[in-house]
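Since the structure comes first, as structure tokens, the remarks are kept for the end.
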Amino acid sequence: MIYQLYSINNFILDMIVVLACYVYVLITIMIPITLKKKGKISSFAARKTVHLLAGLVVLLVPFFSLPVGRLWAILIATSLTIIVYKSEKGSHVKILDDFYQAIGEDAEEKLHRAYLQGPFHYCVSITLLVTIFAITGFVKDQMYIAISGILIMIISDTLASIVGKRYGKTKINLSWTGTTRSLEGSAIFFITAFLLSFCSLFLFGYVLGILNLPTVIIDSLIIALIGTIVELLSPSTWDDLTVPLITSLLFFVLVNFILI
């Protein structure tokens with residue numbers, strides 16, 4: 001029955017979205033790599049550019065047809081996860097070695113196999129969330145929850161890192177994570193996470209009559225606060241996994257089970 005509903009028009013439109021996804025990700029990766037190789041930007045700038053822009057491809061997921069079309073989104077996320085995992089220091093595939101050299105960091109140099117651990121977790125979290133919300137019947141109509149959690153990882157984490165590196169004066173040293181955060185960076189994370197959560201819950205909760213405005217505000221504050229704590233306590237190469245998964249879970253629980 002599902003296959004009968006998947007017409008040739010659906011297939012063609014899905015292939016257009018698939019192509020758009022791969023082209024977009026390729027552009028957001030190749031431009032920073034090229035600029036880094038030419039000495040125009042630092043590894044930090046290249047890394048944060050990829051972190052901020054590449055994951056925004058999830059905004060194309062809702063354009064896939066239902067229900068079969070969402071499987072293409074899972075395939076894309078999985079394939080990109082594999083590519084990032086294979087991007088390692090000294091890879092025989094030049095573009096994968098270039099990718100590592102452009103955005104790798106010291107923490108990954110200390111691994112048994114020097115690969116992009118942080119970006120790999122970034123891709124894994126996107127793949128898991130897209131898969132869960134695309135194929136699980138109970139949550140397939142709440143893809144915005146997965147996208148919201150991913151956007152918090154993409155935008156809030158990136159801005160927190162940039163602000164913390166440039167303006168962070170009040171250092172927060174957590175020896176067990178092996179990382180140093182800043183109060184200023186965490187504050188930016190909280191503010192942007194709140195704004196992202198509020199916009200999401202307002203558009204898909206309040207406007208649709210599911211949530212009232214006080215609930216939208218309170219839920220946004222809870223998500224932003226917990227997300228900030230998780231980011232603060234997570235090692236630098238693991239927050240790309242912990243932040244989106246935990247904030248998405250919070251979104252889901254608050255929207256579906258805890259209505260004020």
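Chains: A, B, ... in order of the structure tokens. Residues: from 1 per chain. Ligands: from 1, in order shown.
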Query raised in the report: If we count only C-alpha atoms, what is near Thr180 in chain A at a cut-off of 9 Å, once residues fewer than 3 positions away on the same chain are taken out, given as a VMD selection string?
Result: chain A and resid 171 to 175 177 232 236
Pull the closest atom pair for each residue of range 139-229 of chain A that gets at most 12 Å from range 99-119 of chain A, along with the distance in Å to one decimal, counting only C-alpha atoms, ordering rows by chain and then ascending residue number, as a Markdown table.
```
| residue | atom | partner | partner_atom | distance |
| --- | --- | --- | --- | --- |
| A:Met153 | CA | A:Pro119 | CA | 11.5 |
| A:Ile154 | CA | A:Pro119 | CA | 11.1 |
| A:Thr177 | CA | A:Ala107 | CA | 11.6 |
| A:Gly178 | CA | A:Ala107 | CA | 9.5 |
| A:Thr179 | CA | A:Ala107 | CA | 9.8 |
```
Query - Computed interatomic separation between CA of Asp97 in chain A and CA of Trp238 in chain A (Å) - result: 21.9 Å
Query raised in the report: Using only C-alpha atoms, which of A:Ile155, A:Ile135, A:Val25, A:Val230 sits nearest Arg70 in chain A?
Result: A:Ile135
Report task. List every residue of range 141-202 of chain A that DSSP, applied to the backbone, labels as alpha helix (DSSP H), and write the result as a PyMOL selection string. Result -> chain A and resi 143-151+157-167+183-201
Residues just named, written with N, CA and C atoms as an mmCIF file, in the first residue's frame:
```
data_model
loop_
_atom_site.group_PDB
_atom_site.id
_atom_site.type_symbol
_atom_site.label_atom_id
_atom_site.label_comp_id
_atom_site.auth_asym_id
_atom_site.auth_seq_id
_atom_site.Cartn_x
_atom_site.Cartn_y
_atom_site.Cartn_z
ATOM 1 N N MET A 143 8.490 16.222 13.525
ATOM 2 C CA MET A 143 9.860 16.369 13.053
ATOM 3 C C MET A 143 10.480 17.679 13.531
ATOM 4 N N TYR A 144 9.650 18.684 13.775
ATOM 5 C CA TYR A 144 10.175 19.963 14.249
ATOM 6 C C TYR A 144 10.920 19.824 15.572
ATOM 7 N N ILE A 145 10.554 18.820 16.371
ATOM 8 C CA ILE A 145 11.242 18.590 17.648
ATOM 9 C C ILE A 145 12.686 18.171 17.393
ATOM 10 N N ALA A 146 12.878 17.222 16.483
ATOM 11 C CA ALA A 146 14.232 16.790 16.137
ATOM 12 C C ALA A 146 15.032 17.940 15.548
ATOM 13 N N ILE A 147 14.397 18.694 14.645
ATOM 14 C CA ILE A 147 15.092 19.819 14.009
ATOM 15 C C ILE A 147 15.457 20.879 15.038
ATOM 16 N N SER A 148 14.583 21.110 16.011
ATOM 17 C CA SER A 148 14.865 22.116 17.055
ATOM 18 C C SER A 148 16.074 21.708 17.887
ATOM 19 N N GLY A 149 16.141 20.434 18.278
ATOM 20 C CA GLY A 149 17.288 19.960 19.046
ATOM 21 C C GLY A 149 18.576 20.067 18.262
ATOM 22 N N ILE A 150 18.499 19.759 16.969
ATOM 23 C CA ILE A 150 19.676 19.854 16.105
ATOM 24 C C ILE A 150 20.107 21.307 15.936
ATOM 25 N N LEU A 151 19.142 22.209 15.780
ATOM 26 C CA LEU A 151 19.473 23.632 15.616
ATOM 27 C C LEU A 151 20.148 24.200 16.864
ATOM 28 N N ASP A 157 25.647 26.070 20.192
ATOM 29 C CA ASP A 157 26.990 25.572 20.503
ATOM 30 C C ASP A 157 28.052 26.349 19.735
ATOM 31 N N THR A 158 27.772 26.644 18.468
ATOM 32 C CA THR A 158 28.742 27.388 17.655
ATOM 33 C C THR A 158 28.956 28.795 18.206
ATOM 34 N N LEU A 159 27.879 29.511 18.480
ATOM 35 C CA LEU A 159 28.001 30.882 18.994
ATOM 36 C C LEU A 159 28.648 30.912 20.369
ATOM 37 N N ALA A 160 28.326 29.914 21.204
ATOM 38 C CA ALA A 160 28.944 29.846 22.531
ATOM 39 C C ALA A 160 30.452 29.673 22.408
ATOM 40 N N SER A 161 30.872 28.832 21.482
ATOM 41 C CA SER A 161 32.302 28.597 21.275
ATOM 42 C C SER A 161 33.009 29.842 20.759
ATOM 43 N N ILE A 162 32.383 30.519 19.799
ATOM 44 C CA ILE A 162 32.995 31.722 19.218
ATOM 45 C C ILE A 162 33.088 32.844 20.251
ATOM 46 N N VAL A 163 31.984 33.088 20.952
ATOM 47 C CA VAL A 163 31.974 34.146 21.966
ATOM 48 C C VAL A 163 32.923 33.805 23.110
ATOM 49 N N GLY A 164 32.901 32.547 23.530
ATOM 50 C CA GLY A 164 33.783 32.136 24.612
ATOM 51 C C GLY A 164 35.251 32.300 24.265
ATOM 52 N N LYS A 165 35.607 31.963 23.025
ATOM 53 C CA LYS A 165 36.998 32.059 22.590
ATOM 54 C C LYS A 165 37.445 33.513 22.474
ATOM 55 N N ARG A 166 36.534 34.363 22.017
ATOM 56 C CA ARG A 166 36.921 35.752 21.743
ATOM 57 C C ARG A 166 36.717 36.675 22.940
ATOM 58 N N TYR A 167 35.631 36.459 23.683
ATOM 59 C CA TYR A 167 35.299 37.395 24.754
ATOM 60 C C TYR A 167 35.257 36.758 26.141
ATOM 61 N N LEU A 183 31.904 31.599 31.224
ATOM 62 C CA LEU A 183 30.576 32.042 31.639
ATOM 63 C C LEU A 183 29.891 32.800 30.508
ATOM 64 N N GLU A 184 30.673 33.577 29.782
ATOM 65 C CA GLU A 184 30.119 34.366 28.680
ATOM 66 C C GLU A 184 29.591 33.449 27.565
ATOM 67 N N GLY A 185 30.371 32.424 27.257
ATOM 68 C CA GLY A 185 29.953 31.480 26.225
ATOM 69 C C GLY A 185 28.696 30.722 26.625
ATOM 70 N N SER A 186 28.654 30.290 27.891
ATOM 71 C CA SER A 186 27.476 29.573 28.390
ATOM 72 C C SER A 186 26.242 30.474 28.394
ATOM 73 N N ALA A 187 26.437 31.756 28.679
ATOM 74 C CA ALA A 187 25.321 32.701 28.672
ATOM 75 C C ALA A 187 24.749 32.845 27.264
ATOM 76 N N ILE A 188 25.626 32.912 26.263
ATOM 77 C CA ILE A 188 25.170 33.000 24.875
ATOM 78 C C ILE A 188 24.444 31.719 24.482
ATOM 79 N N PHE A 189 24.956 30.575 24.936
ATOM 80 C CA PHE A 189 24.287 29.307 24.648
ATOM 81 C C PHE A 189 22.863 29.338 25.200
ATOM 82 N N PHE A 190 22.728 29.771 26.452
ATOM 83 C CA PHE A 190 21.405 29.802 27.091
ATOM 84 C C PHE A 190 20.448 30.733 26.344
ATOM 85 N N ILE A 191 20.920 31.914 26.006
ATOM 86 C CA ILE A 191 20.058 32.906 25.343
ATOM 87 C C ILE A 191 19.592 32.403 23.981
ATOM 88 N N THR A 192 20.531 31.903 23.176
ATOM 89 C CA THR A 192 20.164 31.437 21.832
ATOM 90 C C THR A 192 19.318 30.164 21.895
ATOM 91 N N ALA A 193 19.620 29.282 22.851
ATOM 92 C CA ALA A 193 18.808 28.064 23.001
ATOM 93 C C ALA A 193 17.383 28.421 23.400
ATOM 94 N N PHE A 194 17.243 29.429 24.253
ATOM 95 C CA PHE A 194 15.898 29.882 24.641
ATOM 96 C C PHE A 194 15.150 30.440 23.436
ATOM 97 N N LEU A 195 15.819 31.270 22.642
ATOM 98 C CA LEU A 195 15.167 31.886 21.481
ATOM 99 C C LEU A 195 14.755 30.829 20.451
ATOM 100 N N LEU A 196 15.635 29.860 20.215
ATOM 101 C CA LEU A 196 15.328 28.795 19.268
ATOM 102 C C LEU A 196 14.161 27.949 19.769
ATOM 103 N N SER A 197 14.187 27.614 21.057
ATOM 104 C CA SER A 197 13.115 26.809 21.646
ATOM 105 C C SER A 197 11.795 27.571 21.601
ATOM 106 N N PHE A 198 11.852 28.855 21.955
ATOM 107 C CA PHE A 198 10.637 29.671 21.965
ATOM 108 C C PHE A 198 10.021 29.759 20.564
ATOM 109 N N CYS A 199 10.845 30.032 19.569
ATOM 110 C CA CYS A 199 10.336 30.146 18.196
ATOM 111 C C CYS A 199 9.685 28.837 17.746
ATOM 112 N N SER A 200 10.340 27.727 18.073
ATOM 113 C CA SER A 200 9.820 26.420 17.680
ATOM 114 C C SER A 200 8.497 26.117 18.367
ATOM 115 N N LEU A 201 8.457 26.278 19.679
ATOM 116 C CA LEU A 201 7.246 25.975 20.435
ATOM 117 C C LEU A 201 6.121 26.966 20.134
#
```
Query raised in the report: Residues of range 9-189 of chain A in strand (DSSP E) according to DSSP, as a list in words?
Result: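 For range 9-189 of chain A, the strand (DSSP E) set is Lys171, Ile172, Asn173, Leu174, Thr179, Thr180, Arg181 and Ser182 of chain A.
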Requested in this report: Can you work out which one of A:Thr78, A:Ile152, A:Trp176, A:Gly90 has the shortest atom-to-atom distance to Pro235 in chain A, counting only C-alpha atoms?
Outcome: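 Looking at the shortest contact to Pro235 in chain A, the residue is A:Trp176.
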Requested in this report: Compare A:Ser79, A:Gln142, A:Ser125, A:Asn9 by their minimum atom-to-atom distance to Ile246 in chain A, counting only C-alpha atoms, and give me the closest one.
Outcome: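 Distance minimum relative to Ile246 in chain A lands on A:Ser125.
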Query raised in the report: What's the 10 Å shell around Leu245 in chain A, counting only C-alpha atoms, without same-chain residues fewer than 3 positions away, as a VMD selection string?
Result: chain A and resid 125 to 126 128 to 129 146 149 to 150 153 227 239 to 242 248 to 251
Please, could you write that set of residues out with N, CA and C atoms as a PDB file, in the first residue's frame?
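Just written: result13.pdb:
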```pdb
ATOM      1  N   SER A 125      24.297  12.167  15.853  1.00  0.00           N
ATOM      2  CA  SER A 125      23.113  12.701  16.526  1.00  0.00           C
ATOM      3  C   SER A 125      22.039  13.093  15.510  1.00  0.00           C
ATOM      4  N   ILE A 126      22.441  13.698  14.401  1.00  0.00           N
ATOM      5  CA  ILE A 126      21.483  14.063  13.365  1.00  0.00           C
ATOM      6  C   ILE A 126      20.839  12.811  12.770  1.00  0.00           C
ATOM      7  N   LEU A 128      20.491   9.815  14.136  1.00  0.00           N
ATOM      8  CA  LEU A 128      19.602   9.178  15.110  1.00  0.00           C
ATOM      9  C   LEU A 128      18.270   9.918  15.206  1.00  0.00           C
ATOM     10  N   LEU A 129      18.325  11.234  15.306  1.00  0.00           N
ATOM     11  CA  LEU A 129      17.099  12.012  15.472  1.00  0.00           C
ATOM     12  C   LEU A 129      16.224  11.977  14.223  1.00  0.00           C
ATOM     13  N   ALA A 146      12.878  17.222  16.483  1.00  0.00           N
ATOM     14  CA  ALA A 146      14.232  16.790  16.137  1.00  0.00           C
ATOM     15  C   ALA A 146      15.032  17.940  15.548  1.00  0.00           C
ATOM     16  N   GLY A 149      16.141  20.434  18.278  1.00  0.00           N
ATOM     17  CA  GLY A 149      17.288  19.960  19.046  1.00  0.00           C
ATOM     18  C   GLY A 149      18.576  20.067  18.262  1.00  0.00           C
ATOM     19  N   ILE A 150      18.499  19.759  16.969  1.00  0.00           N
ATOM     20  CA  ILE A 150      19.676  19.854  16.105  1.00  0.00           C
ATOM     21  C   ILE A 150      20.107  21.307  15.936  1.00  0.00           C
ATOM     22  N   MET A 153      22.123  22.507  18.831  1.00  0.00           N
ATOM     23  CA  MET A 153      23.510  22.056  18.715  1.00  0.00           C
ATOM     24  C   MET A 153      24.264  22.903  17.698  1.00  0.00           C
ATOM     25  N   GLY A 227      19.891  22.348  28.471  1.00  0.00           N
ATOM     26  CA  GLY A 227      20.833  22.280  27.361  1.00  0.00           C
ATOM     27  C   GLY A 227      22.156  22.939  27.688  1.00  0.00           C
ATOM     28  N   ASP A 239      29.736  16.963  23.109  1.00  0.00           N
ATOM     29  CA  ASP A 239      28.533  17.785  23.259  1.00  0.00           C
ATOM     30  C   ASP A 239      27.679  17.799  21.996  1.00  0.00           C
ATOM     31  N   ASP A 240      28.286  17.489  20.846  1.00  0.00           N
ATOM     32  CA  ASP A 240      27.506  17.401  19.620  1.00  0.00           C
ATOM     33  C   ASP A 240      26.580  16.190  19.620  1.00  0.00           C
ATOM     34  N   LEU A 241      26.798  15.282  20.546  1.00  0.00           N
ATOM     35  CA  LEU A 241      25.926  14.118  20.696  1.00  0.00           C
ATOM     36  C   LEU A 241      24.949  14.312  21.847  1.00  0.00           C
ATOM     37  N   THR A 242      25.464  14.789  22.979  1.00  0.00           N
ATOM     38  CA  THR A 242      24.622  14.905  24.175  1.00  0.00           C
ATOM     39  C   THR A 242      23.597  16.031  24.068  1.00  0.00           C
ATOM     40  N   SER A 248      16.239  17.371  22.498  1.00  0.00           N
ATOM     41  CA  SER A 248      15.115  16.827  21.726  1.00  0.00           C
ATOM     42  C   SER A 248      14.214  15.975  22.614  1.00  0.00           C
ATOM     43  N   LEU A 249      14.824  15.187  23.492  1.00  0.00           N
ATOM     44  CA  LEU A 249      14.038  14.384  24.434  1.00  0.00           C
ATOM     45  C   LEU A 249      13.212  15.286  25.340  1.00  0.00           C
ATOM     46  N   LEU A 250      13.813  16.379  25.804  1.00  0.00           N
ATOM     47  CA  LEU A 250      13.090  17.338  26.635  1.00  0.00           C
ATOM     48  C   LEU A 250      11.914  17.951  25.879  1.00  0.00           C
ATOM     49  N   PHE A 251      12.175  18.367  24.640  1.00  0.00           N
ATOM     50  CA  PHE A 251      11.112  18.897  23.788  1.00  0.00           C
ATOM     51  C   PHE A 251       9.947  17.918  23.731  1.00  0.00           C
TER      52      PHE A 251
END
```
Query raised in the report: When you draw a straight line from CA of Phe44 in chain A to CA of Val243 in chain A, how long is it in Å?
Result: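 A separation of 20.3 Å between them.
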Query - Nearest to Ser220 in chain A, chosen from A:Thr247, A:Ser182, A:Thr127, A:Ser65, with only C-alpha atoms counted in the distances - result: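 Among the listed residues, the smallest separation from Ser220 in chain A belongs to A:Thr247.
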Query raised in the report: In terms of the shortest atom-to-atom distance over only C-alpha atoms, which of A:Arg181, A:Leu221, A:Leu53, A:Phe64 is closest to Lys169 in chain A?
Result: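 Result for the nearest residue to Lys169 in chain A: A:Arg181.
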